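Enquirer: So that you have it, the file is data_1.cif, and it contains mmCIF, C-alpha atoms:
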```
data_coords
#
loop_
_atom_site.label_atom_id
_atom_site.label_comp_id
_atom_site.auth_asym_id
_atom_site.auth_seq_id
_atom_site.Cartn_x
_atom_site.Cartn_y
_atom_site.Cartn_z
CA MET A 1 11.55 -1.26 29.94
CA SER A 2 14.75 -0.09 28.29
CA GLY A 3 15.27 3.54 27.44
CA HIS A 4 15.16 5.63 24.29
CA ILE A 5 15.54 3.93 20.90
CA ASP A 6 17.47 5.92 18.30
CA PRO A 7 15.26 5.83 15.18
CA LEU A 8 18.21 6.41 12.87
CA GLU A 9 20.13 3.46 14.23
CA LEU A 10 17.04 1.26 14.07
CA ALA A 11 16.37 2.39 10.50
CA ARG A 12 19.94 1.51 9.52
CA ALA A 13 19.67 -1.89 11.18
CA LEU A 14 16.47 -2.61 9.26
CA LEU A 15 17.95 -1.39 5.97
CA ARG A 16 20.84 -3.81 6.35
CA CYS A 17 18.34 -6.69 6.23
CA PRO A 18 17.90 -7.80 2.59
CA SER A 19 14.17 -8.36 2.98
CA VAL A 20 13.09 -8.54 -0.67
CA THR A 21 9.63 -10.14 -0.72
CA PRO A 22 9.15 -12.88 0.43
CA ALA A 23 12.55 -13.04 2.18
CA ASP A 24 12.74 -11.57 5.67
CA GLY A 25 16.49 -11.14 5.95
CA GLY A 26 16.26 -10.80 9.71
CA ALA A 27 14.15 -7.62 9.60
CA LEU A 28 11.30 -8.86 11.80
CA ALA A 29 13.67 -10.24 14.44
CA THR A 30 15.55 -6.94 14.47
CA LEU A 31 12.33 -5.02 15.01
CA ALA A 32 10.99 -7.46 17.60
CA GLY A 33 14.21 -7.17 19.58
CA ALA A 34 13.86 -3.40 19.65
CA VAL A 35 10.23 -3.26 20.81
CA GLU A 36 10.55 -6.13 23.29
CA GLY A 37 13.03 -3.91 25.10
CA LEU A 38 10.21 -1.38 25.47
CA GLY A 39 7.93 -3.96 27.04
CA PHE A 40 5.94 -4.99 23.97
CA ARG A 41 4.64 -8.55 23.79
CA CYS A 42 5.67 -9.91 20.39
CA GLU A 43 4.10 -12.61 18.25
CA THR A 44 5.89 -13.75 15.09
CA LEU A 45 3.30 -15.15 12.70
CA THR A 46 4.12 -17.17 9.60
CA PHE A 47 1.27 -17.81 7.19
CA SER A 48 1.06 -20.17 4.24
CA GLU A 49 -1.23 -20.78 1.29
CA ALA A 50 -0.89 -23.17 -1.60
CA GLY A 51 0.86 -21.61 -4.57
CA THR A 52 2.35 -18.75 -2.57
CA PRO A 53 5.51 -18.46 -0.48
CA ASP A 54 5.38 -18.62 3.30
CA VAL A 55 5.64 -15.14 4.81
CA GLY A 56 6.60 -13.93 8.27
CA ASN A 57 4.72 -11.16 10.07
CA LEU A 58 4.98 -9.46 13.46
CA PHE A 59 2.30 -8.35 15.91
CA ALA A 60 3.53 -6.51 18.99
CA ARG A 61 1.36 -4.96 21.71
CA LEU A 62 1.98 -2.99 24.88
CA GLY A 63 -0.95 -2.72 27.27
CA SER A 64 -4.33 -4.42 27.23
CA GLY A 65 -6.83 -1.60 27.61
CA ARG A 66 -8.59 0.97 25.46
CA PRO A 67 -8.09 3.08 23.49
CA HIS A 68 -5.88 0.96 21.30
CA LEU A 69 -3.67 2.66 18.68
CA CYS A 70 -1.91 0.47 16.13
CA PHE A 71 0.89 1.34 13.72
CA ALA A 72 0.91 -0.77 10.56
CA GLY A 73 3.62 -1.20 8.00
CA HIS A 74 5.88 -3.60 6.14
CA THR A 75 9.51 -4.59 6.28
CA ASP A 76 9.55 -6.27 2.88
CA VAL A 77 10.96 -4.31 -0.04
CA VAL A 78 10.95 -4.51 -3.83
CA PRO A 79 13.97 -5.88 -5.73
CA ILE A 80 16.92 -3.53 -6.17
CA GLY A 81 17.04 -3.80 -9.96
CA ASP A 82 20.47 -3.41 -11.54
CA PRO A 83 22.98 -3.34 -8.65
CA GLU A 84 25.51 -1.56 -10.88
CA ALA A 85 23.09 1.37 -11.23
CA TRP A 86 23.19 2.09 -7.48
CA SER A 87 25.78 4.59 -6.30
CA ILE A 88 25.96 2.81 -2.93
CA ASP A 89 25.28 -0.64 -1.49
CA PRO A 90 21.45 -1.01 -1.56
CA PHE A 91 21.60 -2.76 1.81
CA GLY A 92 24.51 -0.81 3.28
CA ALA A 93 22.44 1.87 5.06
CA GLU A 94 25.02 4.50 4.16
CA ILE A 95 24.67 8.16 5.15
CA ARG A 96 25.93 10.82 2.77
CA GLY A 97 25.33 14.55 3.06
CA GLY A 98 22.52 14.25 5.58
CA VAL A 99 20.73 11.56 3.57
CA LEU A 100 20.18 7.88 4.45
CA PHE A 101 20.38 5.54 1.45
CA GLY A 102 19.02 2.03 1.06
CA ARG A 103 16.24 -0.07 -0.37
CA GLY A 104 13.27 0.53 1.89
CA ALA A 105 14.48 3.84 3.34
CA ALA A 106 11.34 5.64 2.14
CA ASP A 107 9.05 2.65 1.67
CA MET A 108 8.91 2.04 4.56
CA LYS A 109 11.54 0.98 7.04
CA GLY A 110 12.27 4.61 7.85
CA ALA A 111 8.71 5.20 9.02
CA ILE A 112 8.72 2.05 11.15
CA ALA A 113 11.88 3.20 12.89
CA ALA A 114 10.44 6.69 13.36
CA PHE A 115 7.34 5.29 15.06
CA VAL A 116 9.29 2.98 17.36
CA GLY A 117 11.54 5.87 18.33
CA ALA A 118 8.49 8.03 19.00
CA ALA A 119 6.91 5.30 21.12
CA SER A 120 10.10 4.93 23.16
CA ARG A 121 10.19 8.65 23.92
CA PHE A 122 6.50 8.65 24.84
CA LEU A 123 6.97 5.70 27.19
CA THR A 124 10.08 7.22 28.77
CA ARG A 125 8.19 10.43 29.55
CA ARG A 126 5.28 8.44 30.97
CA GLY A 127 7.48 6.07 32.94
CA GLY A 128 5.99 3.26 30.87
CA ARG A 129 2.48 3.99 32.20
CA PHE A 130 -0.51 5.10 30.13
CA ASP A 131 -4.16 4.17 29.79
CA GLY A 132 -4.68 2.11 26.70
CA SER A 133 -2.61 0.04 24.27
CA LEU A 134 0.01 0.62 21.59
CA SER A 135 0.64 -2.02 18.96
CA LEU A 136 2.46 -2.71 15.72
CA LEU A 137 1.21 -4.80 12.81
CA ILE A 138 4.19 -5.40 10.54
CA THR A 139 4.04 -7.65 7.49
CA GLY A 140 6.58 -9.13 5.13
CA ASP A 141 4.08 -9.44 2.26
CA GLU A 142 3.00 -5.94 1.28
CA GLU A 143 5.12 -5.62 -1.86
CA GLY A 144 4.24 -9.16 -2.97
CA PRO A 145 0.89 -10.88 -3.49
CA ALA A 146 -0.37 -9.67 -0.08
CA ILE A 147 -1.96 -13.03 0.62
CA ASN A 148 -0.02 -14.21 3.66
CA GLY A 149 0.38 -10.81 5.27
CA THR A 150 -1.79 -8.10 6.77
CA ALA A 151 -5.16 -9.65 5.87
CA LYS A 152 -4.34 -12.88 7.71
CA VAL A 153 -2.74 -11.07 10.64
CA LEU A 154 -5.95 -9.08 11.07
CA ARG A 155 -8.04 -12.25 11.11
CA TRP A 156 -5.67 -13.67 13.74
CA MET A 157 -6.02 -10.45 15.75
CA ALA A 158 -9.81 -10.51 15.49
CA GLU A 159 -9.96 -14.08 16.81
CA ARG A 160 -7.98 -13.00 19.88
CA GLY A 161 -9.63 -9.65 20.59
CA GLU A 162 -6.59 -7.65 19.48
CA ILE A 163 -8.27 -5.36 16.93
CA PRO A 164 -7.34 -1.68 17.54
CA ASP A 165 -9.66 1.31 17.64
CA SER A 166 -7.51 3.28 15.20
CA CYS A 167 -4.62 2.45 12.90
CA LEU A 168 -1.89 4.64 11.47
CA VAL A 169 -0.14 3.25 8.37
CA GLY A 170 3.36 4.54 7.66
CA GLU A 171 3.25 4.53 3.85
CA PRO A 172 5.21 7.32 2.10
CA THR A 173 2.21 9.57 1.45
CA ASN A 174 4.01 12.82 0.67
CA PRO A 175 4.82 13.58 -2.99
CA LEU A 176 7.49 16.28 -2.54
CA ARG A 177 7.63 17.61 1.02
CA LEU A 178 6.96 16.08 4.40
CA GLY A 179 3.55 17.29 5.56
CA GLU A 180 1.75 17.58 2.24
CA THR A 181 -0.65 14.66 2.33
CA ILE A 182 -2.48 12.38 4.72
CA LYS A 183 -4.29 9.51 3.05
CA ILE A 184 -7.77 9.02 4.48
CA GLY A 185 -8.82 6.53 1.84
CA ARG A 186 -7.74 4.79 -1.32
CA ARG A 187 -9.27 4.12 -4.69
CA GLY A 188 -10.23 0.59 -5.59
CA SER A 189 -8.32 -1.34 -8.24
CA LEU A 190 -9.76 -3.67 -10.87
CA ALA A 191 -7.58 -5.45 -13.42
CA ALA A 192 -9.17 -7.18 -16.40
CA ARG A 193 -8.19 -9.06 -19.54
CA ILE A 194 -10.47 -9.61 -22.53
CA ALA A 195 -9.71 -12.34 -25.07
CA VAL A 196 -11.62 -12.30 -28.36
CA ALA A 197 -11.64 -15.47 -30.48
CA GLY A 198 -11.89 -15.68 -34.25
CA VAL A 199 -10.74 -17.88 -37.09
CA GLN A 200 -7.26 -17.52 -38.56
CA GLY A 201 -6.96 -17.12 -42.32
CA HIS A 202 -5.28 -15.49 -45.29
CA THR A 203 -5.78 -11.73 -45.63
CA ALA A 204 -6.57 -12.25 -49.35
CA TYR A 205 -9.47 -14.55 -48.44
CA PRO A 206 -11.23 -12.85 -45.52
CA GLN A 207 -14.46 -14.69 -46.30
CA LEU A 208 -12.75 -17.86 -45.10
CA ALA A 209 -11.68 -16.34 -41.79
CA ASP A 210 -13.18 -14.48 -38.86
CA ASN A 211 -11.04 -11.53 -37.84
CA PRO A 212 -11.41 -10.93 -34.08
CA LEU A 213 -9.61 -7.59 -34.05
CA PRO A 214 -12.47 -5.33 -35.24
CA ARG A 215 -14.59 -6.70 -32.37
CA LEU A 216 -11.74 -6.15 -29.92
CA VAL A 217 -11.35 -2.58 -31.17
CA ARG A 218 -15.08 -1.91 -30.74
CA ILE A 219 -15.00 -3.33 -27.22
CA LEU A 220 -12.01 -1.19 -26.25
CA ALA A 221 -13.62 1.90 -27.75
CA ALA A 222 -16.79 1.30 -25.75
CA LEU A 223 -14.77 0.96 -22.57
CA THR A 224 -12.28 3.80 -23.02
CA GLU A 225 -14.70 6.39 -24.41
CA ALA A 226 -17.10 6.07 -21.48
CA ARG A 227 -16.84 8.51 -18.57
CA LEU A 228 -17.30 6.55 -15.39
CA ASP A 229 -18.02 9.52 -13.10
CA ASP A 230 -16.96 13.07 -12.22
CA GLY A 231 -15.37 12.28 -8.87
CA THR A 232 -16.62 12.89 -5.34
CA GLU A 233 -15.74 15.18 -2.45
CA HIS A 234 -12.70 13.14 -1.45
CA PHE A 235 -11.99 11.18 -4.65
CA GLN A 236 -10.87 12.08 -8.16
CA PRO A 237 -12.84 10.65 -11.12
CA SER A 238 -12.53 6.93 -11.71
CA ASP A 239 -10.15 6.14 -14.54
CA LEU A 240 -9.69 3.25 -16.99
CA GLN A 241 -6.26 2.76 -18.56
CA LEU A 242 -5.34 0.22 -21.21
CA THR A 243 -2.19 -1.63 -20.22
CA SER A 244 -1.70 -4.11 -23.06
CA ILE A 245 -3.04 -5.13 -26.50
CA ASP A 246 -1.75 -8.50 -27.66
CA VAL A 247 -2.17 -10.31 -30.97
CA GLY A 248 1.07 -12.25 -31.34
CA ASN A 249 0.90 -12.10 -35.11
CA PRO A 250 4.23 -11.45 -36.89
CA ALA A 251 2.85 -12.05 -40.40
CA ALA A 252 1.37 -9.21 -42.47
CA ASN A 253 -0.74 -11.55 -44.61
CA VAL A 254 -2.40 -13.55 -41.84
CA ILE A 255 -5.67 -12.75 -40.10
CA PRO A 256 -5.04 -13.69 -36.46
CA GLY A 257 -7.15 -16.29 -34.70
CA SER A 258 -7.43 -14.30 -31.50
CA GLY A 259 -6.58 -11.02 -29.80
CA SER A 260 -6.57 -9.84 -26.23
CA ALA A 261 -6.27 -6.66 -24.22
CA ALA A 262 -5.70 -5.81 -20.59
CA PHE A 263 -6.75 -2.75 -18.62
CA ASN A 264 -6.91 -1.39 -15.10
CA ILE A 265 -9.61 0.72 -13.47
CA ARG A 266 -8.82 2.82 -10.40
CA PHE A 267 -12.23 3.64 -9.01
CA ASN A 268 -13.75 5.83 -6.33
CA ASP A 269 -16.48 5.17 -3.79
CA LEU A 270 -19.26 5.58 -6.35
CA HIS A 271 -18.44 2.07 -7.52
CA THR A 272 -17.62 -1.39 -6.25
CA GLY A 273 -15.62 -4.09 -7.90
CA GLU A 274 -18.81 -5.99 -8.64
CA SER A 275 -20.67 -3.00 -10.10
CA LEU A 276 -17.76 -2.28 -12.45
CA SER A 277 -17.46 -5.94 -13.37
CA GLN A 278 -21.12 -5.90 -14.40
CA TRP A 279 -20.58 -2.66 -16.35
CA ILE A 280 -17.76 -4.35 -18.30
CA ARG A 281 -19.88 -7.45 -18.96
CA ASP A 282 -22.69 -5.21 -20.24
CA ARG A 283 -20.34 -3.46 -22.69
CA LEU A 284 -19.18 -6.82 -24.03
CA ALA A 285 -22.77 -7.99 -24.44
CA GLU A 286 -23.60 -4.86 -26.44
CA ILE A 287 -20.80 -5.62 -28.91
CA GLY A 288 -21.55 -9.35 -29.03
CA GLY A 289 -19.41 -12.17 -30.33
CA ASP A 290 -17.12 -14.66 -28.62
CA ALA A 291 -15.12 -12.95 -25.88
CA ALA A 292 -13.67 -14.32 -22.64
CA LEU A 293 -13.35 -12.02 -19.65
CA ASP A 294 -11.09 -12.39 -16.62
CA ILE A 295 -11.38 -9.87 -13.76
CA HIS A 296 -9.42 -9.46 -10.54
CA VAL A 297 -10.35 -6.86 -7.92
CA SER A 298 -7.37 -6.30 -5.62
CA GLY A 299 -9.09 -3.74 -3.42
CA GLU A 300 -12.31 -1.77 -2.99
CA ALA A 301 -12.46 2.00 -2.60
CA PHE A 302 -12.71 3.12 1.02
CA LEU A 303 -12.75 6.29 3.08
CA THR A 304 -12.16 7.19 6.70
CA PRO A 305 -14.38 10.27 7.13
CA PRO A 306 -12.59 13.21 8.76
CA GLY A 307 -13.00 12.99 12.53
CA ARG A 308 -11.04 12.99 15.79
CA PHE A 309 -8.33 10.60 14.60
CA THR A 310 -7.67 12.29 11.26
CA GLY A 311 -7.95 15.65 13.00
CA LEU A 312 -5.28 14.97 15.61
CA LEU A 313 -3.01 13.55 12.90
CA ALA A 314 -3.51 16.66 10.74
CA ARG A 315 -2.82 18.95 13.72
CA ALA A 316 0.37 17.08 14.56
CA VAL A 317 1.56 17.40 10.96
CA ALA A 318 0.71 21.10 10.78
CA ASP A 319 2.26 21.90 14.16
CA LYS A 320 5.57 20.21 13.30
CA THR A 321 5.93 21.09 9.62
CA GLY A 322 3.99 24.33 9.28
CA ILE A 323 2.05 22.77 6.39
CA ALA A 324 -1.69 22.16 6.43
CA PRO A 325 -1.87 18.65 4.97
CA GLU A 326 -4.32 17.66 2.28
CA LEU A 327 -6.65 14.82 3.25
CA GLY A 328 -6.31 12.82 0.06
CA THR A 329 -7.13 9.47 -1.54
CA ALA A 330 -5.03 9.48 -4.72
CA GLY A 331 -2.31 7.01 -5.58
CA GLY A 332 -2.16 3.23 -5.56
CA THR A 333 -3.42 0.67 -3.11
CA SER A 334 -1.92 -0.20 0.26
CA ASP A 335 -2.59 -2.62 3.11
CA ALA A 336 -4.96 -0.01 4.54
CA ARG A 337 -7.54 -1.65 2.24
CA PHE A 338 -7.53 -4.63 4.61
CA ILE A 339 -7.39 -2.63 7.82
CA LYS A 340 -10.39 -0.46 6.96
CA GLN A 341 -12.61 -3.53 7.34
CA TYR A 342 -11.80 -3.61 11.06
CA CYS A 343 -11.19 -0.04 12.29
CA GLU A 344 -10.62 3.55 11.21
CA VAL A 345 -7.35 3.99 9.35
CA ALA A 346 -5.22 6.84 8.03
CA GLU A 347 -1.83 6.89 6.36
CA PHE A 348 1.10 9.23 6.82
CA GLY A 349 4.78 8.65 6.22
CA LEU A 350 7.85 9.94 4.45
CA VAL A 351 8.34 11.59 1.06
CA GLY A 352 7.84 9.04 -1.69
CA GLN A 353 9.96 10.59 -4.46
CA THR A 354 12.52 7.77 -4.44
CA MET A 355 10.45 4.75 -3.37
CA HIS A 356 11.09 1.70 -5.59
CA LYS A 357 13.83 3.67 -7.41
CA ILE A 358 17.57 3.30 -7.72
CA ASP A 359 19.31 5.02 -4.77
CA GLU A 360 16.16 5.09 -2.63
CA ARG A 361 16.77 7.51 0.22
CA VAL A 362 15.38 9.73 2.96
CA ASP A 363 16.59 13.03 4.39
CA LEU A 364 17.70 12.63 7.98
CA ALA A 365 15.80 15.81 8.84
CA ASP A 366 12.58 14.26 7.49
CA LEU A 367 13.18 11.06 9.43
CA ALA A 368 13.60 13.03 12.65
CA MET A 369 10.57 15.23 11.90
CA LEU A 370 8.39 12.23 11.16
CA GLY A 371 9.29 10.81 14.55
CA GLU A 372 8.23 14.08 16.19
CA ILE A 373 4.91 13.97 14.34
CA TYR A 374 4.29 10.39 15.40
CA GLU A 375 5.13 11.25 19.01
CA ALA A 376 2.66 14.13 18.93
CA VAL A 377 0.00 11.77 17.52
CA ILE A 378 0.59 9.26 20.32
CA ASP A 379 0.45 12.03 22.92
CA SER A 380 -2.83 13.40 21.56
CA TYR A 381 -4.38 9.98 21.11
CA PHE A 382 -3.89 9.01 24.75
CA ALA A 383 -4.71 12.46 26.11
CA GLY A 384 -8.36 11.46 26.29
#
```
Mind turning this structure into structure tokens?

Expert:
Amino acid sequence: MSGHIDPLELARALLRCPSVTPADGGALATLAGAVEGLGFRCETLTFSEAGTPDVGNLFARLGSGRPHLCFAGHTDVVPIGDPEAWSIDPFGAEIRGGVLFGRGAADMKGAIAAFVGAASRFLTRRGGRFDGSLSLLITGDEEGPAINGTAKVLRWMAERGEIPDSCLVGEPTNPLRLGETIKIGRRGSLAARIAVAGVQGHTAYPQLADNPLPRLVRILAALTEARLDDGTEHFQPSDLQLTSIDVGNPAANVIPGSGSAAFNIRFNDLHTGESLSQWIRDRLAEIGGDAALDIHVSGEAFLTPPGRFTGLLARAVADKTGIAPELGTAGGTSDARFIKQYCEVAEFGLVGQTMHKIDERVDLADLAMLGEIYEAVIDSYFAG
């Protein structure tokens, strides 16, 4: 086993890899090289599926016993947008005024580096010996379709008896300050599109046409005016938001032949994707008429009830930052939606203010503090 890994240097090495989904840019090899030096056994896994790009993933494990703590994350990043809008090279890993810049600094190469650094310090103090296993599940398909990433790695792990007891995901969970929020669950997400058919015609002769838009308006009113629920102990109320209304009719004197609308529902644990799908179908049936419905559920709501794992994570955060973290479930989806099917999972990472933005960045002090928190979590987890 080699010695201490500098998380800042590892973070900079990862940031220099242009790993925009589905490209890897050398990120997984960089990470594997770092953890292999700590004694981790590494498996690089490339998965394929028709109609989607091949994606590389990494599973690394040290030890073979229980308990088994896994850190999950992703090295892929979103596109940089307009390169001229950046004040620095998006893949230059530059440091200015105590801040590390680069695409993926906050989401989430910084957290990966912080965990590896924490693991190296833990192993150095223990002389490489501890009862249990540490592992990393790192995908290159979190920011993309998420088809050839974490979900398939987990199935591969299950087939080989590699499923952990607990998993910590390094997503940037904190809105403004490090220590504010631990995610112990996530809302589900349902996306739908409704297409209403009619008969095109002249606005002066409506009796010769069938205008689909009044029906579409009634459908949307029935959906948007309904209150789905009042929330639960750990979840805010479920929420439906219209995202698009499309007619494609540039003429003021033409009744369109069709109209469509799209919406998204972020839902809590009072619902499932199927129960909400049926609720939508029921609203359409009440209005009647010819309407086509397409629904995609990208994730179900889930919750890790507060317990030993969330408790030791919360204590580590509070001890290091002086902030009592909220155990929350707000925000978008993450790969934790796949992990929760196999083991308990919680999420904690950096401040997310600049994720996916121009000049994405992380304070060096936060990067160092996150590593201390992760080290405290590892210590507590294997303390028995």

Enquirer: Quick one: which residues end up in the PyMOL selection byres ((chain A and resi 105) around 10) for this structure, as a ChimeraX atom specification?

Expert: /A:11-12,14-15,77,90-91,93,99-104,106-113,172,350,352,354-356,359-363,367

Enquirer: Give me, as JSON lines, the closest atom pair and its distance (Å, one decimal) for every residue of stretch 49-88 of chain A within a cut-off of 10 Å of stretch 321-335 of chain A, counting only C-alpha atoms, rows sorted by chain and rising number.

Expert:
```
{"residue": "A:Ala72", "atom": "CA", "partner": "A:Asp335", "partner_atom": "CA", "distance": 8.4}
{"residue": "A:Gly73", "atom": "CA", "partner": "A:Asp335", "partner_atom": "CA", "distance": 8.0}
{"residue": "A:His74", "atom": "CA", "partner": "A:Asp335", "partner_atom": "CA", "distance": 9.0}
```

Enquirer: Let me see the file: selected residues, C-alpha atoms, as a compact mmCIF listing (two decimals), in the coordinates of the input.

Expert:
```txt
# COMPACT_ATOMS: atom_id res chain seq x y z
CA ALA A 72 0.91 -0.77 10.56
CA GLY A 73 3.62 -1.20 8.00
CA HIS A 74 5.88 -3.60 6.14
```

Enquirer: Starting from the displayed file, determine the output of the PyMOL selection byres ((chain A and resi 49) around 12) and express the residue list as number ranges by chain.

Expert: A: 46-48, 50-55, 145-149, 152

Enquirer: What does the structure give for the distance between atom CA of A:Ala60 and atom CA of A:Glu43, in Å to one decimal?

Expert: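 Going from atom CA of A:Ala60 over to atom CA of A:Glu43 covers 6.2 Å.
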
Enquirer: As an exercise, work out the distance from atom CA of A:Ile339 to atom CA of A:Arg155 in Å and give it to one decimal place.

Expert: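 Atom CA of A:Ile339 sits 10.2 Å away from atom CA of A:Arg155.
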
Enquirer: Run through the PyMOL selection byres ((chain A and resi 238) around 7) on the given coordinates and return the selected residues as a ChimeraX atom specification.

Expert: /A:228-229,231,236-237,239,266-268

Enquirer: Can I get the selection written as a PDB file, in the frame of the given file, with C-alpha atoms?

Expert:
```pdb
ATOM      1  CA  LEU A 228     -17.300   6.550 -15.390  1.00  0.00           C
ATOM      2  CA  ASP A 229     -18.020   9.520 -13.100  1.00  0.00           C
ATOM      3  CA  GLY A 231     -15.370  12.280  -8.870  1.00  0.00           C
ATOM      4  CA  GLN A 236     -10.870  12.080  -8.160  1.00  0.00           C
ATOM      5  CA  PRO A 237     -12.840  10.650 -11.120  1.00  0.00           C
ATOM      6  CA  ASP A 239     -10.150   6.140 -14.540  1.00  0.00           C
ATOM      7  CA  ARG A 266      -8.820   2.820 -10.400  1.00  0.00           C
ATOM      8  CA  PHE A 267     -12.230   3.640  -9.010  1.00  0.00           C
ATOM      9  CA  ASN A 268     -13.750   5.830  -6.330  1.00  0.00           C
TER      10      ASN A 268
END
```

Enquirer: Quick one: distance from atom CA of A:Trp156 to atom CA of A:Gly132 in Å, one decimal?

Expert: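 Separation of atom CA of A:Trp156 and atom CA of A:Gly132: 20.4 Å.
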
Enquirer: So, with all atoms listed in the file as the atoms that count, which of A:Arg16, A:Arg186, A:His4, A:Arg177 lies closest to A:Lys340?

Expert: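 Under the stated criterion, the closest residue is A:Arg186.
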
Enquirer: Which residues are close to stretch 277-294 of chain A, i.e. within 8 Å by only C-alpha atoms, leaving aside same-chain residues fewer than 2 positions away? Reply as a list in words.

Expert: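 Non-adjacent residues within range: Ala192, Arg193, Ile194, Ala195, Val196, Ala197, Gly198, Arg215, Arg218, Ile219, Ala222, Leu223, Gly273, Glu274, Ser275 and His296 of chain A.
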
Enquirer: Which polymer residues have any atom within 10 Å of an atom of A:Asn211, counting only C-alpha atoms, with same-chain residues fewer than 4 positions away left out, as a list in words?

Expert: Val196, Ala197, Gly198, Val199, Gln200, Gly201, Thr203, Pro206, Gln207, Arg215, Leu216, Val254, Ile255, Pro256, Gly257, Ser258 and Gly259 of chain A

Enquirer: Save the residues we just selected, C-alpha atoms, as a PDB file, keeping the file's coordinate frame?

Expert:
```pdb
ATOM      1  CA  VAL A 196     -11.620 -12.300 -28.360  1.00  0.00           C
ATOM      2  CA  ALA A 197     -11.640 -15.470 -30.480  1.00  0.00           C
ATOM      3  CA  GLY A 198     -11.890 -15.680 -34.250  1.00  0.00           C
ATOM      4  CA  VAL A 199     -10.740 -17.880 -37.090  1.00  0.00           C
ATOM      5  CA  GLN A 200      -7.260 -17.520 -38.560  1.00  0.00           C
ATOM      6  CA  GLY A 201      -6.960 -17.120 -42.320  1.00  0.00           C
ATOM      7  CA  THR A 203      -5.780 -11.730 -45.630  1.00  0.00           C
ATOM      8  CA  PRO A 206     -11.230 -12.850 -45.520  1.00  0.00           C
ATOM      9  CA  GLN A 207     -14.460 -14.690 -46.300  1.00  0.00           C
ATOM     10  CA  ARG A 215     -14.590  -6.700 -32.370  1.00  0.00           C
ATOM     11  CA  LEU A 216     -11.740  -6.150 -29.920  1.00  0.00           C
ATOM     12  CA  VAL A 254      -2.400 -13.550 -41.840  1.00  0.00           C
ATOM     13  CA  ILE A 255      -5.670 -12.750 -40.100  1.00  0.00           C
ATOM     14  CA  PRO A 256      -5.040 -13.690 -36.460  1.00  0.00           C
ATOM     15  CA  GLY A 257      -7.150 -16.290 -34.700  1.00  0.00           C
ATOM     16  CA  SER A 258      -7.430 -14.300 -31.500  1.00  0.00           C
ATOM     17  CA  GLY A 259      -6.580 -11.020 -29.800  1.00  0.00           C
TER      18      GLY A 259
END
```

Enquirer: Could you name the residues that touch A:Arg160 at 12 Å or less, counting all atoms listed in the file, but leaving out those on the same chain fewer than 6 positions away, as a list in words?

Expert: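 The contact residues come out as Phe59, Ser64, Val153 and Leu154 of chain A.
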
Enquirer: Print the selection's residues with C-alpha atoms to a file, as a PDB file, in the frame of the given file.

Expert:
```pdb
ATOM      1  CA  PHE A  59       2.300  -8.350  15.910  1.00  0.00           C
ATOM      2  CA  SER A  64      -4.330  -4.420  27.230  1.00  0.00           C
ATOM      3  CA  VAL A 153      -2.740 -11.070  10.640  1.00  0.00           C
ATOM      4  CA  LEU A 154      -5.950  -9.080  11.070  1.00  0.00           C
TER       5      LEU A 154
END
```

Enquirer: Out of A:Leu213, A:Ala114, A:Leu242, A:Val351, which residue has the shortest atom-to-atom distance to A:Glu375 when counting only C-alpha atoms?

Expert: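 For A:Glu375, the nearest of the given residues is A:Ala114.
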
Enquirer: Please identify all polymer residues within 10 Å of A:Val35, counting only C-alpha atoms, omitting same-chain residues fewer than 5 positions from it, and present them as a list in words.

Expert: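 Near neighbours after the sequence-gap exclusion: Met1, Ser2, Ile5, Thr30, Phe40, Arg41, Cys42, Ala60, Arg61, Leu62, Val116, Gly117, Ala119, Ser120, Ser135 and Leu136 of chain A.
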
Enquirer: Kindly indicate which residue among A:Val317, A:Leu303, A:Leu38, A:Leu8 lies nearest to A:Arg187, using all atoms listed in the file for the distances.

Expert: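 Ranking A:Val317, A:Leu303, A:Leu38, A:Leu8 by distance to A:Arg187, first place goes to A:Leu303.
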
Enquirer: Using all atoms listed in the file, which residue out of A:Gly26, A:Thr272, A:Leu134, A:Ala204 lies closest to A:Asn253?

Expert: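 Counting all atoms listed in the file, the residue closest to A:Asn253 is A:Ala204.
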
Enquirer: For A:Gly161, which of A:His68, A:Ile80, A:Glu36, A:Phe309 is the closest residue, counting all atoms listed in the file?

Expert: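 So, comparing all the options, the nearest one is A:His68.
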
Enquirer: If we draw a sphere of 10 Å around (-11.0, 3.9, 15.0), which residues have at least one atom in it when counting all atoms listed in the file? Please report them as a PyMOL selection string.

Expert: chain A and resi 67-70+163-168+304+307-310+340+342-346

Enquirer: Of the candidates A:Glu300, A:Gly179, A:Gly63, A:Ala318, which one gets nearest to A:Glu162 if we count only C-alpha atoms?

Expert: A:Gly63

Enquirer: Taking 4 positions as the minimum chain separation for residues in the same chain, which residues sit within 8 Å of A:Ala316 when counting only C-alpha atoms? Answer as a ChimeraX atom specification.

Expert: /A:312,320,373-374,376-377
